[in-house]
>>> print(open('run16.txt').read())   # compact mmCIF, C-alpha atoms
# COMPACT_ATOMS: atom_id res chain seq x y z
CA MET Z 716 30.20 119.77 122.17
CA LEU Z 717 28.34 123.03 121.86
CA LEU Z 718 27.21 124.88 124.92
CA ASN Z 719 23.77 126.48 124.85
CA ASN Z 720 25.05 130.07 124.84
CA ASN Z 721 21.72 131.82 125.00
CA LEU Z 722 20.00 132.30 128.31
CA HIS Z 723 17.18 129.90 127.49
CA ARG Z 724 17.80 127.15 129.98
CA PRO Z 725 14.55 125.34 130.79
CA LEU Z 726 14.15 124.34 134.44
CA GLU Z 727 17.73 125.32 135.30
CA VAL Z 728 19.15 124.45 138.71
CA ILE Z 729 22.27 125.98 140.25
CA LEU Z 730 24.43 124.31 142.88
CA GLU Z 731 27.42 125.58 144.85
CA ILE Z 732 29.93 122.74 144.86
CA PRO Z 733 32.60 122.51 147.56
CA VAL Z 734 35.88 121.00 146.41
CA LYS Z 735 36.94 118.34 148.92
CA THR Z 736 40.46 117.08 149.61
CA TYR Z 737 39.48 113.65 148.26
CA ASP Z 738 38.45 115.28 144.95
CA ILE Z 739 42.07 116.18 144.17
CA ASP Z 740 44.41 113.93 142.22
CA PHE Z 741 48.21 113.66 142.43
CA MET Z 742 48.57 116.77 140.20
CA GLY Z 743 46.64 118.92 142.70
CA ILE Z 744 43.58 119.31 140.46
CA VAL Z 745 40.07 117.88 140.59
CA SER Z 746 40.03 114.36 139.18
CA ASN Z 747 37.94 113.81 136.06
CA ILE Z 748 35.76 111.21 137.81
CA VAL Z 749 34.64 113.86 140.31
CA TYR Z 750 32.82 115.71 137.52
CA ILE Z 751 30.59 112.65 137.09
CA ARG Z 752 29.65 112.84 140.78
CA TRP Z 753 28.99 116.57 140.47
CA LEU Z 754 26.68 115.92 137.51
CA GLU Z 755 24.83 113.35 139.62
CA ASP Z 756 24.48 115.96 142.39
CA LEU Z 757 23.08 118.43 139.85
CA ARG Z 758 20.60 115.87 138.46
CA LEU Z 759 19.45 115.03 141.99
CA LYS Z 760 18.89 118.73 142.68
CA PHE Z 761 16.97 118.95 139.40
CA LEU Z 762 14.78 116.05 140.52
CA ASP Z 763 14.26 117.59 143.98
CA GLU Z 764 13.10 120.85 142.42
CA HIS Z 765 11.19 119.66 139.36
CA TRP Z 766 10.31 115.95 139.35
CA GLN Z 767 10.83 114.17 142.67
CA LEU Z 768 12.36 110.74 142.45
CA ASN Z 769 10.25 109.26 145.25
CA GLN Z 770 7.06 110.25 143.40
CA GLN Z 771 8.36 108.67 140.22
CA MET Z 772 9.15 105.43 142.01
CA GLU Z 773 5.71 105.42 143.65
CA GLN Z 774 4.24 105.67 140.14
CA GLY Z 775 6.37 102.72 138.99
CA TYR Z 776 9.16 104.32 136.96
CA ALA Z 777 12.54 106.03 137.34
CA PRO Z 778 15.06 107.91 135.19
CA VAL Z 779 18.07 106.11 133.77
CA LEU Z 780 21.21 107.60 132.30
CA ALA Z 781 22.16 106.48 128.78
CA GLY Z 782 25.28 108.56 128.18
CA THR Z 783 27.54 111.35 129.38
CA GLU Z 784 29.82 113.61 127.36
CA ILE Z 785 32.15 116.07 129.12
CA GLU Z 786 34.50 118.62 127.67
CA TYR Z 787 37.07 119.97 130.13
CA LYS Z 788 37.99 123.63 129.60
CA ARG Z 789 40.29 124.42 132.55
CA PRO Z 790 41.50 122.63 135.69
CA ILE Z 791 39.85 123.16 139.07
CA LYS Z 792 41.91 123.31 142.27
CA ILE Z 793 40.91 122.88 145.89
CA ILE Z 794 40.85 126.62 146.61
CA ASP Z 795 38.50 127.42 143.70
CA GLN Z 796 34.87 128.48 144.09
CA VAL Z 797 32.80 126.07 141.99
CA ILE Z 798 29.24 126.48 140.72
CA GLY Z 799 27.33 123.89 138.71
CA ARG Z 800 24.36 124.65 136.44
CA LEU Z 801 22.12 122.07 134.80
CA TRP Z 802 19.02 122.44 132.63
CA LEU Z 803 16.69 120.31 130.53
CA SER Z 804 17.76 121.06 126.97
CA ASN Z 805 15.59 118.58 125.06
CA LEU Z 806 12.59 116.44 125.78
CA GLY Z 807 11.45 113.91 123.21
CA ARG Z 808 8.76 111.27 123.32
CA LEU Z 809 11.02 108.71 125.05
CA LYS Z 810 14.33 110.46 125.73
CA TRP Z 811 15.54 113.50 127.65
CA THR Z 812 18.74 115.52 127.42
CA VAL Z 813 20.26 117.77 130.06
CA GLN Z 814 23.15 120.15 129.59
CA ALA Z 815 25.43 121.36 132.33
CA GLU Z 816 28.29 123.70 132.91
CA ILE Z 817 30.78 123.81 135.74
CA LEU Z 818 32.23 127.21 136.55
CA SER Z 819 35.38 127.77 138.58
CA ASN Z 820 35.86 131.29 139.92
CA ASN Z 821 33.19 132.42 137.42
CA LYS Z 822 35.10 130.96 134.46
CA LEU Z 823 33.89 128.02 132.42
CA ALA Z 824 35.74 124.88 133.55
CA ALA Z 825 33.66 122.14 131.89
CA VAL Z 826 30.53 121.55 129.82
CA ALA Z 827 28.55 118.34 129.75
CA THR Z 828 25.61 116.71 128.02
CA GLN Z 829 23.76 113.75 129.47
CA LYS Z 830 21.03 111.72 127.81
CA GLY Z 831 18.57 109.36 129.36
CA ALA Z 832 15.06 107.98 129.53
CA PHE Z 833 12.46 106.81 132.01
CA VAL Z 834 11.99 103.09 132.56
CA SER Z 835 9.31 100.98 134.15
CA LEU Z 836 10.40 99.53 137.48
CA GLN Z 837 8.46 96.34 136.66
CA ASN Z 838 10.21 95.40 133.44
CA SER Z 839 13.08 97.93 132.99
CA ARG Z 840 11.70 98.94 129.58
CA PRO Z 841 11.53 102.57 128.41
CA ILE Z 842 8.27 104.41 128.90
CA PRO Z 843 7.07 107.67 127.33
CA ILE Z 844 8.16 110.86 129.06
CA PRO Z 845 5.62 111.48 131.84
CA GLU Z 846 2.95 113.98 130.80
CA GLU Z 847 3.43 116.20 133.85
CA LEU Z 848 7.13 116.71 133.04
CA GLN Z 849 6.31 117.35 129.37
CA ASN Z 850 3.78 120.00 130.43
CA LYS Z 851 6.27 121.68 132.76
CA TYR Z 852 8.96 121.74 130.07
CA PHE Z 853 6.66 123.02 127.29
CA GLU Z 854 5.15 125.65 129.61
CA HIS Z 855 8.66 126.95 130.21
CA GLN Z 856 9.28 126.94 126.44
CA LYS Z 857 6.10 128.99 125.84
CA GLU Z 858 7.02 131.55 128.52
CA ASN Z 859 10.48 131.95 127.01
CA LEU Z 860 8.98 132.44 123.54
CA LYS Z 861 6.63 135.12 124.89
CA ASP Z 862 9.53 136.88 126.63
CA SER Z 863 11.60 136.91 123.45
CA LEU Z 864 8.86 138.57 121.35
>>> encode(input="run16.txt", output="structure tokens")
Amino acid sequence: MLLNNNLHRPLEVILEIPVKTYDIDFMGIVSNIVYIRWLEDLRLKFLDEHWQLNQQMEQGYAPVLAGTEIEYKRPIKIIDQVIGRLWLSNLGRLKWTVQAEILSNNKLAAVATQKGAFVSLQNSRPIPIPEELQNKYFEHQKENLKDSL
């Protein structure tokens, strides 16, 4: 899995993540399942900041997750300071992709990619990416292009 190494991270959110005692496994490190919960927390923050879930549901659709890929780089312990970052890395006609990184004491601990879509709440079938989200994403892309010139 390749991490997006440049600083172009559309609609990025950052979250301080406290490590809880129940996050630790018998080896004294954060259990791999906890990373899934942290990614959920990051996606919920993304939705709070950029595309509120309650508004989506009022309009008759919601996001669904189609897949998660995580690559663990280093273990995290209970005393570590953890930061999560997540951004929208690709937006197609029907599908979206977010990338994330988890940092422990300012060192890369894990990278992740998640893919999903939006579905109708009436029939659970995929719908096109909502126009407002497309506009927000492409506006960010244009601003980044201008900044790089």
>>> closest_residue(input="run16.txt", among="Z:Asn850, Z:Asn859, Z:Ser835, Z:Gln814", to="Z:Met772", atoms="only C-alpha atoms")
Z:Ser835
>>> residues_around(input="run16.txt", residues="Z:Arg800", least_positions_apart="3", cutoff="7 Å", atoms="only C-alpha atoms", output="PyMOL selection string")
chain Z and resi 727-730+815-817
>>> atom_distance(input="run16.txt", atom1="atom CA of Z:Tyr787", atom2="atom CA of Z:Ser804")
19.6 Å
>>> atom_distance(input="run16.txt", atom1="atom CA of Z:Val779", atom2="atom CA of Z:Val834")
6.9 Å
>>> residues_around(input="run16.txt", residues="Z:His855", least_positions_apart="5", cutoff="12 Å", atoms="all atoms listed in the file", output="PyMOL selection string")
chain Z and resi 723-727+765+802-804+848-850+860-862
>>> residues_around(input="run16.txt", residues="Z:Glu786", least_positions_apart="4", cutoff="12 Å", atoms="only C-alpha atoms", output="PyMOL selection string")
chain Z and resi 716-718+747+750-751+790+814-817+823-829
>>> residues_near_point(input="run16.txt", point="(18.9, 114.0, 141.2)", cutoff="12 Å", atoms="all atoms listed in the file", output="ChimeraX atom specification")
/Z:728,730,752-769,771,777-780,801,813
>>> closest_residue(input="run16.txt", among="Z:Ile844, Z:Leu806, Z:Val797, Z:Ala832", to="Z:Val734", atoms="all atoms listed in the file")
Z:Val797
>>> closest_residue(input="run16.txt", among="Z:Gly831, Z:Ile798, Z:Gly807, Z:Lys792", to="Z:Glu846", atoms="only C-alpha atoms")
Z:Gly807
>>> atom_distance(input="run16.txt", atom1="atom CA of Z:Phe833", atom2="atom CA of Z:Glu731")
27.2 Å
>>> closest_residue(input="run16.txt", among="Z:Leu836, Z:Gln796, Z:Tyr776, Z:Ile785", to="Z:Asn820", atoms="all atoms listed in the file")
Z:Gln796
